[in-house]
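Participant: This is the content of work01.txt (compact mmCIF, C-alpha atoms):
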```txt
# COMPACT_ATOMS: atom_id res chain seq x y z
CA MET A 126 63.66 36.66 -18.50
CA SER A 127 61.34 36.10 -21.42
CA THR A 128 60.38 38.41 -24.26
CA VAL A 129 56.74 39.40 -24.53
CA LEU A 130 55.24 41.06 -27.60
CA ILE A 131 52.19 43.24 -26.95
CA VAL A 132 50.04 43.85 -30.03
CA ASP A 133 47.20 46.34 -29.60
CA ASP A 134 46.19 49.47 -31.48
CA ASP A 135 45.22 51.13 -28.20
CA CYS A 136 48.37 52.67 -26.71
CA GLU A 137 46.82 52.87 -23.23
CA VAL A 138 46.22 49.12 -23.19
CA ARG A 139 49.80 48.53 -24.41
CA GLN A 140 51.12 50.79 -21.66
CA ILE A 141 49.16 49.01 -18.92
CA LEU A 142 50.20 45.58 -20.17
CA ARG A 143 53.84 46.71 -20.50
CA GLU A 144 53.83 47.83 -16.87
CA TYR A 145 52.39 44.52 -15.61
CA VAL A 146 54.74 42.41 -17.74
CA GLU A 147 57.84 44.40 -16.79
CA LEU A 148 56.91 44.15 -13.12
CA GLU A 149 57.26 40.38 -13.54
CA GLY A 150 60.77 40.87 -14.88
CA HIS A 151 60.21 40.27 -18.59
CA ARG A 152 61.28 42.25 -21.64
CA VAL A 153 58.52 43.93 -23.67
CA ILE A 154 58.22 44.76 -27.36
CA GLU A 155 55.18 46.74 -28.50
CA ALA A 156 53.37 46.67 -31.84
CA ALA A 157 50.43 48.92 -32.76
CA GLY A 158 49.08 46.49 -35.36
CA SER A 159 49.57 43.21 -37.18
CA SER A 160 52.14 44.49 -39.71
CA PHE A 161 54.36 45.85 -36.92
CA ALA A 162 53.88 42.57 -35.06
CA ARG A 163 55.03 40.58 -38.10
CA GLN A 164 58.14 42.76 -38.37
CA ALA A 165 58.90 42.23 -34.68
CA LEU A 166 58.44 38.48 -35.00
CA ALA A 167 60.86 38.41 -37.97
CA GLN A 168 63.52 40.32 -36.08
CA GLU A 169 63.22 39.20 -32.46
CA HIS A 170 62.91 36.03 -30.44
CA VAL A 171 59.48 36.17 -28.78
CA ASP A 172 58.20 33.81 -26.07
CA LEU A 173 54.68 35.09 -25.60
CA ILE A 174 52.30 37.44 -27.40
CA PHE A 175 49.40 39.42 -26.00
CA LEU A 176 47.26 39.99 -29.08
CA ASP A 177 44.15 42.15 -29.36
CA VAL A 178 41.33 40.69 -31.47
CA LEU A 179 39.98 43.91 -32.93
CA MET A 180 42.55 46.06 -34.71
CA PRO A 181 42.48 48.13 -37.90
CA GLY A 182 43.77 46.11 -40.85
CA GLU A 183 44.53 42.47 -40.16
CA SER A 184 42.64 41.26 -37.09
CA GLY A 185 44.31 39.64 -34.11
CA THR A 186 42.45 36.41 -34.87
CA ALA A 187 43.91 36.26 -38.41
CA LEU A 188 47.40 37.01 -37.11
CA CYS A 189 46.98 34.32 -34.47
CA HIS A 190 46.11 31.76 -37.17
CA SER A 191 49.26 32.68 -39.16
CA ILE A 192 51.48 32.51 -36.09
CA LYS A 193 50.14 29.10 -35.11
CA ASP A 194 50.53 27.84 -38.69
CA ASP A 195 54.13 29.06 -38.98
CA PRO A 196 56.65 26.37 -37.98
CA GLU A 197 59.16 29.10 -37.12
CA CYS A 198 56.81 30.46 -34.49
CA GLN A 199 56.32 27.09 -32.84
CA GLY A 200 56.59 27.40 -29.10
CA ILE A 201 55.33 30.99 -28.98
CA LYS A 202 52.41 31.21 -26.59
CA VAL A 203 49.55 33.44 -27.74
CA VAL A 204 47.08 35.14 -25.41
CA LEU A 205 44.23 36.62 -27.44
CA LEU A 206 42.49 39.58 -25.81
CA THR A 207 39.04 40.95 -26.49
CA GLY A 208 36.73 43.53 -25.01
CA PHE A 209 33.66 41.49 -25.94
CA ASP A 210 32.10 38.69 -23.94
CA GLY A 211 29.43 36.26 -25.07
CA GLU A 212 29.11 33.20 -27.28
CA ARG A 213 30.23 34.82 -30.53
CA ALA A 214 33.41 36.25 -29.00
CA TRP A 215 34.26 32.96 -27.29
CA SER A 216 33.60 30.97 -30.41
CA GLN A 217 35.90 33.23 -32.45
CA GLY A 218 38.58 33.33 -29.74
CA LEU A 219 38.71 29.61 -29.02
CA ARG A 220 38.84 28.71 -32.71
CA SER A 221 41.74 31.07 -33.39
CA GLY A 222 44.31 28.59 -32.14
CA ALA A 223 45.34 30.90 -29.29
CA ASP A 224 46.58 29.21 -26.15
CA ILE A 225 44.45 31.47 -23.97
CA PHE A 226 41.44 33.59 -24.86
CA LEU A 227 41.03 36.40 -22.40
CA VAL A 228 38.17 38.85 -21.97
CA LYS A 229 39.31 42.29 -20.79
CA PRO A 230 39.75 44.03 -18.40
CA VAL A 231 43.14 42.86 -17.28
CA ASN A 232 44.70 43.34 -13.88
CA ARG A 233 48.17 42.75 -12.52
CA GLU A 234 47.32 39.51 -10.71
CA ARG A 235 45.73 38.04 -13.83
CA ILE A 236 48.75 38.89 -15.99
CA LYS A 237 51.14 37.61 -13.30
CA VAL A 238 49.41 34.22 -13.14
CA LEU A 239 49.24 33.95 -16.94
CA LEU A 240 52.94 34.74 -17.33
CA GLU A 241 53.92 32.31 -14.57
CA GLU A 242 51.85 29.46 -15.94
CA LEU A 243 52.56 30.01 -19.63
CA LEU A 244 56.25 30.83 -19.48
CA THR A 245 57.17 28.22 -16.87
CA PRO A 246 54.64 25.43 -17.42
CA GLY A 247 56.98 22.89 -15.79
CA ARG A 248 56.47 24.76 -12.52
CA LEU A 249 53.29 22.78 -11.82
CA ALA A 250 54.57 19.41 -12.96
CA MET B 192 50.03 19.30 -3.25
CA SER B 193 48.61 22.76 -3.84
CA ASN B 194 49.98 24.56 -6.89
CA LEU B 195 47.73 27.30 -8.07
CA ARG B 196 45.36 29.33 -5.98
CA GLY B 197 43.78 32.75 -6.05
CA THR B 198 40.63 34.81 -5.96
CA LEU B 199 38.03 34.90 -8.70
CA GLU B 200 37.96 38.67 -8.43
CA SER B 201 41.54 38.69 -9.80
CA ILE B 202 41.51 35.85 -12.30
CA SER B 203 38.49 34.20 -13.84
CA LEU B 204 37.80 30.48 -13.81
CA THR B 205 37.81 30.50 -17.60
CA ASP B 206 41.43 31.73 -17.46
CA VAL B 207 42.33 29.04 -14.91
CA ALA B 208 40.61 26.28 -16.89
CA GLN B 209 42.43 27.32 -20.07
CA LEU B 210 45.79 27.40 -18.25
CA LEU B 211 45.23 23.91 -16.83
CA HIS B 212 44.16 22.79 -20.30
CA VAL B 213 47.18 24.21 -22.14
CA ASN B 214 49.55 22.79 -19.49
CA ARG B 215 47.74 19.39 -19.60
CA LYS B 216 47.28 19.23 -15.83
CA THR B 217 45.73 16.46 -13.81
CA GLY B 218 44.15 17.20 -10.45
CA MET B 219 41.26 18.88 -8.69
CA LEU B 220 40.26 22.53 -9.04
CA GLN B 221 38.40 23.34 -5.84
CA VAL B 222 36.25 26.47 -5.99
CA SER B 223 34.26 28.22 -3.29
CA SER B 224 31.97 31.17 -3.85
CA GLY B 225 30.22 32.45 -0.74
CA LYS B 226 28.40 29.55 0.85
CA ILE B 227 28.60 27.34 -2.23
CA SER B 228 31.48 25.24 -3.45
CA GLY B 229 32.36 22.86 -6.24
CA VAL B 230 35.16 20.86 -7.82
CA LEU B 231 36.31 20.51 -11.41
CA TYR B 232 38.32 17.32 -12.00
CA PHE B 233 41.07 17.59 -14.64
CA SER B 234 42.84 14.75 -16.37
CA GLY B 235 45.55 15.53 -18.93
CA GLY B 236 44.21 19.08 -19.22
CA GLU B 237 40.58 18.11 -19.87
CA VAL B 238 37.68 18.51 -17.46
CA ILE B 239 36.37 14.98 -16.95
CA HIS B 240 33.97 15.53 -14.06
CA ALA B 241 32.48 18.30 -11.92
CA GLU B 242 30.47 18.41 -8.75
CA THR B 243 28.58 21.03 -6.80
CA LEU B 244 26.10 20.58 -3.97
CA SER B 245 23.22 20.61 -6.44
CA ALA B 246 24.63 19.14 -9.66
CA ARG B 247 27.10 16.70 -11.18
CA GLY B 248 28.73 16.44 -14.59
CA GLU B 249 28.35 19.13 -17.23
CA MET B 250 25.67 21.11 -15.41
CA ALA B 251 27.94 21.34 -12.36
CA ALA B 252 30.81 22.49 -14.61
CA PHE B 253 28.62 25.20 -16.17
CA GLU B 254 27.45 26.29 -12.72
CA ILE B 255 31.02 26.58 -11.40
CA LEU B 256 32.33 28.39 -14.49
CA GLU B 257 29.81 31.18 -13.89
CA TRP B 258 31.07 32.01 -10.42
CA ASP B 259 32.86 35.36 -10.47
CA SER B 260 33.66 35.80 -6.78
CA GLY B 261 35.34 33.55 -4.25
CA HIS B 262 38.47 31.43 -4.14
CA PHE B 263 40.01 28.63 -6.16
CA GLU B 264 42.82 26.20 -5.54
CA PHE B 265 44.23 23.58 -7.87
CA LEU B 266 45.65 20.43 -6.33
CA THR B 267 47.85 18.21 -8.46
CA THR B 268 46.70 14.72 -7.61
CA GLN B 269 45.65 11.48 -9.22
CA VAL B 270 42.02 11.67 -10.34
CA GLN B 271 40.11 8.42 -10.16
CA THR B 272 36.58 9.71 -10.51
CA PRO B 273 34.56 8.27 -13.42
CA ALA B 274 34.39 10.59 -16.44
CA THR B 275 31.01 12.30 -16.80
CA ILE B 276 32.19 15.02 -19.18
CA ARG B 277 33.51 14.05 -22.58
CA ARG B 278 34.19 17.30 -24.37
CA THR B 279 37.28 19.46 -24.64
CA VAL B 280 37.83 22.49 -22.44
CA PRO B 281 37.33 24.90 -25.41
CA ASP B 282 34.00 23.20 -26.19
CA LEU B 283 32.99 23.39 -22.55
CA LEU B 284 33.88 27.10 -22.38
CA MET B 285 32.02 27.80 -25.61
CA ASP B 286 28.89 26.09 -24.30
CA SER B 287 29.29 27.90 -21.01
CA ALA B 288 29.35 31.23 -22.91
CA ARG B 289 26.30 30.10 -24.91
CA LEU B 290 24.46 29.21 -21.70
CA GLN B 291 25.32 32.56 -20.15
CA ASP B 292 24.07 34.40 -23.25
CA SER B 293 20.83 32.41 -23.12
CA ARG B 294 20.48 33.11 -19.41
CA LYS B 295 20.88 36.87 -19.96
CA ARG B 296 18.35 36.85 -22.79
CA LEU B 297 15.79 34.72 -20.92
CA HIS B 298 16.10 36.66 -17.68
CA SER B 299 15.41 39.85 -19.60
CA ILE B 300 12.22 38.25 -20.97
CA PHE B 301 11.21 36.85 -17.56
CA PRO B 302 12.81 39.22 -15.05
CA ARG B 303 10.99 37.78 -12.00
CA LEU B 304 11.37 34.11 -11.11
CA THR B 305 8.45 34.52 -8.70
CA ALA B 306 6.14 34.91 -11.71
CA VAL B 307 3.81 32.01 -12.50
CA PRO B 308 3.76 30.58 -16.04
CA TRP B 309 0.34 29.46 -17.24
CA PRO B 310 -0.28 27.77 -20.60
CA THR B 311 -3.46 29.10 -22.17
CA LEU B 312 -4.22 25.91 -24.13
CA PRO B 313 -4.78 22.36 -22.91
CA ALA B 314 -2.00 19.81 -23.40
CA PRO B 315 -2.97 18.34 -26.82
CA GLN B 316 -3.25 21.71 -28.60
CA LEU B 317 -0.45 23.35 -26.65
CA LEU B 318 2.35 21.78 -28.69
CA GLU B 319 0.70 21.81 -32.11
CA GLY B 320 3.16 23.23 -34.61
CA ILE B 321 5.76 23.94 -31.95
CA LYS B 322 9.15 22.27 -31.77
CA LEU B 323 10.29 21.47 -28.28
CA PHE B 324 13.11 19.14 -27.25
CA ALA B 325 12.10 16.07 -25.26
CA GLU B 326 13.71 17.55 -22.14
CA GLU B 327 11.71 20.76 -22.56
CA ARG B 328 8.49 18.79 -22.98
CA LYS B 329 9.11 17.18 -19.58
CA ILE B 330 8.96 20.62 -18.00
CA LEU B 331 5.50 21.53 -19.33
CA PRO B 332 3.39 19.56 -16.78
CA PHE B 333 4.94 21.71 -14.07
CA PHE B 334 3.49 24.87 -15.70
CA ASP B 335 0.25 24.43 -13.76
CA GLY B 336 -0.63 28.05 -13.02
CA TYR B 337 0.31 27.63 -9.36
CA ARG B 338 4.05 27.01 -9.39
CA ASP B 339 6.30 29.97 -10.05
CA PHE B 340 9.47 29.58 -12.15
CA GLN B 341 11.55 28.75 -9.07
CA ASP B 342 9.06 26.06 -8.03
CA VAL B 343 9.12 24.61 -11.56
CA MET B 344 12.91 24.41 -11.44
CA SER B 345 13.00 22.57 -8.13
CA ALA B 346 10.04 20.30 -8.92
CA SER B 347 11.23 19.36 -12.42
CA GLY B 348 14.94 19.21 -11.59
CA HIS B 349 15.74 21.44 -14.58
CA HIS B 350 17.89 24.55 -14.41
CA ASP B 351 16.66 28.08 -15.06
CA VAL B 352 17.71 28.24 -18.72
CA ALA B 353 15.82 25.04 -19.63
CA VAL B 354 12.66 26.14 -17.79
CA LEU B 355 12.71 29.70 -19.12
CA GLN B 356 13.51 28.49 -22.66
CA ALA B 357 10.43 26.23 -22.66
CA ALA B 358 8.36 29.15 -21.35
CA ALA B 359 9.81 31.52 -23.97
CA ILE B 360 8.88 29.16 -26.83
CA LEU B 361 5.28 28.92 -25.61
CA ARG B 362 5.10 32.65 -24.98
CA ASP B 363 6.40 33.47 -28.47
CA ALA B 364 3.65 31.22 -29.87
CA GLY B 365 1.07 33.16 -27.82
CA ARG B 366 0.30 30.12 -25.70
CA LEU B 367 1.63 31.18 -22.32
CA GLU B 368 0.67 33.92 -19.92
CA VAL B 369 2.97 34.95 -17.13
CA LEU B 370 1.05 35.82 -13.99
CA GLU B 371 2.13 37.65 -10.89
CA PRO B 372 -0.45 36.52 -8.35
CA ASP B 373 1.64 37.14 -5.25
CA ALA B 374 0.10 39.60 -2.81
CA HIS B 375 1.89 41.11 0.17
CA MET B 376 -0.37 41.04 3.19
CA SER B 377 -0.24 42.22 6.77
CA VAL B 378 -1.01 39.58 9.40
CA VAL B 379 -3.92 40.02 11.80
CA GLN B 380 -5.04 37.44 14.32
CA MET B 381 -8.23 35.73 13.27
CA LYS B 382 -11.21 36.29 15.54
CA THR B 383 -12.42 32.87 16.64
CA GLY B 384 -15.21 32.09 19.05
CA LEU B 385 -17.47 29.37 20.24
CA PHE B 386 -19.09 28.96 16.85
CA LYS B 387 -16.21 30.13 14.64
CA LYS B 388 -13.45 27.64 14.12
CA GLY B 389 -10.00 28.67 12.98
CA GLY B 390 -9.03 25.83 10.68
CA HIS B 391 -8.36 28.14 7.75
CA LEU B 392 -7.07 31.55 6.82
CA GLN B 393 -9.20 34.53 5.86
CA LEU B 394 -8.64 37.05 3.10
CA PRO B 395 -10.75 40.01 1.97
CA LYS B 396 -13.30 39.33 -0.79
CA THR B 397 -11.51 41.82 -3.03
CA MET B 398 -8.61 39.36 -3.30
CA GLU B 399 -10.93 36.63 -4.52
CA GLY B 400 -12.24 38.94 -7.24
CA TRP B 401 -8.73 39.90 -8.32
CA TRP B 402 -7.46 36.32 -8.48
CA THR B 403 -10.48 34.72 -10.12
CA ALA B 404 -10.05 37.15 -13.02
CA LEU B 405 -6.81 35.26 -13.78
CA GLY B 406 -7.10 32.13 -15.92
CA PRO B 407 -5.94 29.32 -13.67
CA TYR B 408 -8.03 30.45 -10.67
CA ARG B 409 -11.30 31.27 -12.43
CA HIS B 410 -13.05 28.20 -10.99
CA GLY B 411 -12.45 29.33 -7.43
CA ILE B 412 -9.74 29.25 -4.83
CA GLN B 413 -9.81 26.85 -1.89
CA ASN B 414 -6.21 26.91 -0.76
CA LEU B 415 -3.64 29.53 -0.16
CA ARG B 416 0.13 29.37 -0.22
CA VAL B 417 1.63 31.53 2.49
CA ILE B 418 5.27 32.53 2.20
CA TRP B 419 7.17 34.11 5.06
CA PRO B 420 10.87 34.17 6.01
CA HIS B 421 10.77 30.80 7.78
CA GLY B 422 9.02 28.86 5.09
CA PRO B 423 5.98 28.33 2.93
CA ALA B 424 2.78 26.56 3.97
CA VAL B 425 -0.47 25.72 2.24
CA GLU B 426 -3.72 26.29 4.17
CA ARG B 427 -7.39 26.44 3.35
CA VAL B 428 -8.72 29.94 2.73
CA GLU B 429 -12.04 31.70 3.14
CA PHE B 430 -12.83 35.06 1.57
CA VAL B 431 -14.70 37.36 3.94
CA SER B 432 -15.92 40.90 4.33
CA GLY B 433 -14.56 43.03 7.11
CA LEU B 434 -10.86 42.74 6.38
CA THR B 435 -8.99 45.58 4.72
CA ASP B 436 -7.50 45.03 1.28
CA LYS B 437 -4.05 44.06 2.52
CA GLN B 438 -4.89 41.92 5.56
CA VAL B 439 -4.71 38.17 6.04
CA ALA B 440 -6.31 36.76 9.16
CA ILE B 441 -4.47 33.79 10.61
CA PRO B 442 -5.57 31.64 13.59
CA ARG B 443 -3.61 32.29 16.77
CA GLU B 444 -2.26 28.72 16.87
CA LEU B 445 -0.81 29.01 13.35
CA MET B 446 0.66 32.44 14.07
CA GLN B 447 2.44 30.95 17.06
CA ALA B 448 3.60 27.88 15.12
CA TRP B 449 4.92 30.04 12.28
CA GLY B 450 6.47 32.63 14.59
CA LEU B 451 4.37 35.46 13.17
CA ALA B 452 3.21 38.52 15.13
CA GLU B 453 0.32 40.88 14.34
CA GLY B 454 1.48 43.37 11.71
CA SER B 455 4.17 41.12 10.27
CA HIS B 456 4.14 40.65 6.52
CA VAL B 457 3.61 37.52 4.44
CA LYS B 458 3.24 36.82 0.75
CA VAL B 459 0.21 34.86 -0.42
CA ARG B 460 -0.94 33.27 -3.65
CA PRO B 461 -3.53 30.67 -4.63
CA ALA B 462 -2.49 27.04 -4.20
CA PRO B 463 -3.92 23.86 -5.76
```
For this file, produce the structure as structure tokens.
Facilitator:
Amino acid sequence: MSTVLIVDDDCEVRQILREYVELEGHRVIEAAGSSFARQALAQEHVDLIFLDVLMPGESGTALCHSIKDDPECQGIKVVLLTGFDGERAWSQGLRSGADIFLVKPVNRERIKVLLEELLTPGRLA
Amino acid sequence: MSNLRGTLESISLTDVAQLLHVNRKTGMLQVSSGKISGVLYFSGGEVIHAETLSARGEMAAFEILEWDSGHFEFLTTQVQTPATIRRTVPDLLMDSARLQDSRKRLHSIFPRLTAVPWPTLPAPQLLEGIKLFAEERKILPFFDGYRDFQDVMSASGHHDVAVLQAAAILRDAGRLEVLEPDAHMSVVQMKTGLFKKGGHLQLPKTMEGWWTALGPYRHGIQNLRVIWPHGPAVERVEFVSGLTDKQVAIPRELMQAWGLAEGSHVKVRPAP
């Protein structure tokens, strides 16, 4: 079982993601924004983060940069989520350092595959 | 060995490509979407080659990445194909997004690919003060006032975005008209007799008047392109009185050869 941190200011999105992640047998921590996410990261061992791009205060992209620059967070996989498609969104998402940039909506199958491939990458070796 | 498979309705190819990239996979990602299929070749997590029925290399990769329905399957295997793509997966995805944005924008400017682009200036003046890439310049000779956008794509070998981009630049400079010369006609059998031969098609004179008001056809129309479900053909045309506005008269032999019956519908437009 891995620990997954879900960071999104929209509680409905957090709830949907929590359901999909828990169905795959993982533990979930929720954070409604970047400051809560930083607290969670300081207190808990996290394996993967689902991180929304657009949030009040510090953006998901900025938080992603800090996580990827922090040696203590090495090994944490980051999936950056956005509701926007198009060149600008992709450019921002792919330059954030996230492992995966994902355009919403999400569905159970999509989350299942992401969790399988990111949390057990050796599976395909 | 098959490792990862699924439907594109559940997980997008951009997700799959990123997963293969982050896990540094080597193998073939086979994708089918309806009647079309393609393969993305991965080596160490990077796309090094792509193939579809109509394209190879980057263009094939962009084509495949746009498919949003169908199936995919990744096979871990040694890849020995020569590398035709030398950019990272994030770069490829960014350019794919750029291409899709351009496609959306250009298709909103030119919503019908059956429209015919026609430059309003001759070649030397056409490009004065306009910046076009060399590849876009190669497309211009195919804007002849007879070919529609689809014809230009197949004749020039360029994809829709390149063709429409060249057209958009000319249009923005006020040097391109977009014509819609297609007319939907009802087929009638041509009356032939001892002194009337049927080596051509007949259209009402009103059609001649309508077409010759358009730039590329102002010097007269000798040939007609006929489009029907089983294929296009070019035949000589004569404009006559006695046909109603929406009738094309076709010799019996041609109707039989083309599998057309009286009352069936065809699309016609002037041909060079």
Participant: Provide the CA of Ile418 (chain B) to CA of Arg328 (chain B) distance in Å, to one decimal place.
Facilitator: 28.9 Å
Participant: Would you list which chain B residues are within 8 Å of chain A using all atoms listed in the file, as a list in words?
Facilitator: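 That gives Asn194, Ser201, Ile202, Asp206, Gln209, Leu210, Val213, Asn214, Lys216, Thr267, Pro281, Leu284, Met285, Asp286, Ala288, Arg289, Gln291 and Asp292 of chain B for chain B.
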Participant: Using all atoms listed in the file, which of A:Leu205, A:Pro230, A:Leu244, A:Glu149 sits nearest Val171 (chain A)?
Facilitator: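 Under the stated criterion, the closest residue is A:Leu244.
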Participant: For Tyr408 (chain B), work out the shell of residues within 12 Å, counting all atoms listed in the file and skipping chain neighbours fewer than 6 positions away, then give it as a PyMOL selection string.
Facilitator: chain B and resi 309+335-337+370+372+398-402+414-415+460-463
Participant: For Leu256 (chain B), which residue among B:Leu312, B:Leu199, B:Leu211, B:Val417 is the nearest when counting only C-alpha atoms?
Facilitator: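 Comparing B:Leu312, B:Leu199, B:Leu211, B:Val417 against Leu256 (chain B), the winner is B:Leu199.
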Participant: Restricting the calculation to only C-alpha atoms, which member of A:Ala156, A:Ile192, A:Ala162, A:Val132 is positioned closest to Leu176 (chain A)?
Facilitator: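 The shortest atom-to-atom distance to Leu176 (chain A) comes from A:Val132.
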Participant: Just to confirm, what's the straight-line distance from CA of Val307 (chain B) to CA of Phe340 (chain B) in Å (one decimal)?
Facilitator: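 Distance reported for this atom pair: 6.2 Å.
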Participant: I'd like the neighbourhood of Val459 (chain B) as number ranges by chain, where a residue qualifies if any of its atoms comes within 6 Å (using only C-alpha atoms), though same-chain residues fewer than 4 positions away should be ignored.
Facilitator: B: 373-374, 416-417
Participant: I'd like the interatomic distance between CA of Arg143 (chain A) and CA of Glu155 (chain A), to a tenth of an Å.
Facilitator: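 Taking CA of Arg143 (chain A) as the start and CA of Glu155 (chain A) as the end point, the length is 8.1 Å.
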Participant: When distances are computed from all atoms listed in the file, which of B:Ala358, B:Leu304, B:Leu318, B:Ala251 shows the smallest separation from Ser287 (chain B)?
Facilitator: B:Ala251
Participant: Show which residues sit within 12 Å of Arg366 (chain B), as a VMD selection string. Count all atoms listed in the file, and ignore same-chain residues fewer than 3 positions away.
Facilitator: chain B and resid 308 to 314 316 to 321 331 334 357 to 363 369
Participant: Neighbouring residues of region 232-243 of chain B were defined as those with any atom within 7 Å, considering only C-alpha atoms; residues of the same chain fewer than 6 positions away were excluded. Please report them as a list in words.
Facilitator: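 My reading of the contact set: Leu211, His212, Val213, Asn214, Arg215, Lys216, Thr217, Gly218, Met219, Leu220, Glu249, Ala251, Ala252, Val270, Ala274, Thr275, Ile276, Arg277, Thr279 and Val280 of chain B.
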Participant: Please tell me which residues are no farther than 9 Å from (67.3, 37.5, -21.8) in the file, counting only C-alpha atoms, and write them as a PyMOL selection string.
Facilitator: chain A and resi 126-128+151-152
Participant: Give me the residues near Phe175 (chain A) as a CSV table (one decimal) with C-alpha atoms, in the frame of the given file, where near means some atom within 9 Å (using all atoms listed in the file) and where sequence neighbours in that chain fewer than 4 positions away do not count.
Facilitator:
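Output below, filename around.csv:
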```
chain,number,residue,atom,x,y,z
A,129,VAL,CA,56.7,39.4,-24.5
A,130,LEU,CA,55.2,41.1,-27.6
A,131,ILE,CA,52.2,43.2,-27.0
A,132,VAL,CA,50.0,43.8,-30.0
A,133,ASP,CA,47.2,46.3,-29.6
A,142,LEU,CA,50.2,45.6,-20.2
A,202,LYS,CA,52.4,31.2,-26.6
A,203,VAL,CA,49.6,33.4,-27.7
A,204,VAL,CA,47.1,35.1,-25.4
A,205,LEU,CA,44.2,36.6,-27.4
A,206,LEU,CA,42.5,39.6,-25.8
```
Participant: May I ask which of the residues B:Trp449, B:Phe324, B:Trp258, B:Phe253 is the closest one to Ser228 (chain B), counting all atoms listed in the file?
Facilitator: B:Trp258
Participant: Of the residues A:Val138, A:Cys198, A:Met180, A:Ile174, which is the one nearest to Ile154 (chain A), using only C-alpha atoms?
Facilitator: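 When distances to Ile154 (chain A) are compared using only C-alpha atoms, the smallest one comes from A:Ile174.
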Participant: Pull region 158-207 of chain A out of the block and emit C-alpha atoms, as a PDB file, in the first residue's frame.
Facilitator:
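What follows is the written file selection28.pdb:
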```pdb
ATOM      1  CA  GLY A 158      -4.134  23.982  -1.058  1.00  0.00           C
ATOM      2  CA  SER A 159      -0.368  24.262  -1.259  1.00  0.00           C
ATOM      3  CA  SER A 160       0.191  25.261   2.390  1.00  0.00           C
ATOM      4  CA  PHE A 161      -1.756  22.224   3.631  1.00  0.00           C
ATOM      5  CA  ALA A 162       0.161  20.084   1.148  1.00  0.00           C
ATOM      6  CA  ARG A 163       3.494  21.344   2.501  1.00  0.00           C
ATOM      7  CA  GLN A 164       2.380  20.500   6.052  1.00  0.00           C
ATOM      8  CA  ALA A 165       1.360  17.000   4.955  1.00  0.00           C
ATOM      9  CA  LEU A 166       4.665  16.465   3.179  1.00  0.00           C
ATOM     10  CA  ALA A 167       6.564  17.517   6.325  1.00  0.00           C
ATOM     11  CA  GLN A 168       4.623  15.118   8.517  1.00  0.00           C
ATOM     12  CA  GLU A 169       3.926  12.075   6.343  1.00  0.00           C
ATOM     13  CA  HIS A 170       5.713   9.750   3.981  1.00  0.00           C
ATOM     14  CA  VAL A 171       4.124  10.300   0.557  1.00  0.00           C
ATOM     15  CA  ASP A 172       4.695   8.170  -2.548  1.00  0.00           C
ATOM     16  CA  LEU A 173       2.616  10.036  -5.099  1.00  0.00           C
ATOM     17  CA  ILE A 174       0.870  13.400  -5.354  1.00  0.00           C
ATOM     18  CA  PHE A 175      -2.091  14.379  -7.486  1.00  0.00           C
ATOM     19  CA  LEU A 176      -1.674  18.140  -7.745  1.00  0.00           C
ATOM     20  CA  ASP A 177      -4.091  20.624  -9.301  1.00  0.00           C
ATOM     21  CA  VAL A 178      -2.482  23.417 -11.335  1.00  0.00           C
ATOM     22  CA  LEU A 179      -4.920  26.194 -10.534  1.00  0.00           C
ATOM     23  CA  MET A 180      -5.442  26.840  -6.834  1.00  0.00           C
ATOM     24  CA  PRO A 181      -5.841  29.999  -4.753  1.00  0.00           C
ATOM     25  CA  GLY A 182      -2.493  31.099  -3.319  1.00  0.00           C
ATOM     26  CA  GLU A 183       0.527  29.132  -4.469  1.00  0.00           C
ATOM     27  CA  SER A 184      -0.190  27.353  -7.753  1.00  0.00           C
ATOM     28  CA  GLY A 185       0.245  23.637  -8.257  1.00  0.00           C
ATOM     29  CA  THR A 186       2.994  24.341 -10.790  1.00  0.00           C
ATOM     30  CA  ALA A 187       5.017  26.338  -8.224  1.00  0.00           C
ATOM     31  CA  LEU A 188       4.525  23.645  -5.587  1.00  0.00           C
ATOM     32  CA  CYS A 189       5.599  21.010  -8.105  1.00  0.00           C
ATOM     33  CA  HIS A 190       8.846  22.921  -8.769  1.00  0.00           C
ATOM     34  CA  SER A 191       9.599  23.088  -5.006  1.00  0.00           C
ATOM     35  CA  ILE A 192       8.858  19.393  -4.510  1.00  0.00           C
ATOM     36  CA  LYS A 193      11.093  18.383  -7.392  1.00  0.00           C
ATOM     37  CA  ASP A 194      13.873  20.690  -6.141  1.00  0.00           C
ATOM     38  CA  ASP A 195      13.707  19.328  -2.580  1.00  0.00           C
ATOM     39  CA  PRO A 196      16.137  16.438  -2.021  1.00  0.00           C
ATOM     40  CA  GLU A 197      13.915  15.168   0.797  1.00  0.00           C
ATOM     41  CA  CYS A 198      11.064  14.703  -1.642  1.00  0.00           C
ATOM     42  CA  GLN A 199      13.154  12.711  -4.084  1.00  0.00           C
ATOM     43  CA  GLY A 200      11.272   9.669  -5.261  1.00  0.00           C
ATOM     44  CA  ILE A 201       7.833  11.244  -4.869  1.00  0.00           C
ATOM     45  CA  LYS A 202       5.951  10.959  -8.143  1.00  0.00           C
ATOM     46  CA  VAL A 203       3.918  14.030  -9.099  1.00  0.00           C
ATOM     47  CA  VAL A 204       0.867  13.961 -11.365  1.00  0.00           C
ATOM     48  CA  LEU A 205      -0.119  17.518 -12.271  1.00  0.00           C
ATOM     49  CA  LEU A 206      -3.793  17.970 -13.149  1.00  0.00           C
ATOM     50  CA  THR A 207      -5.420  20.736 -15.130  1.00  0.00           C
TER      51      THR A 207
END
```
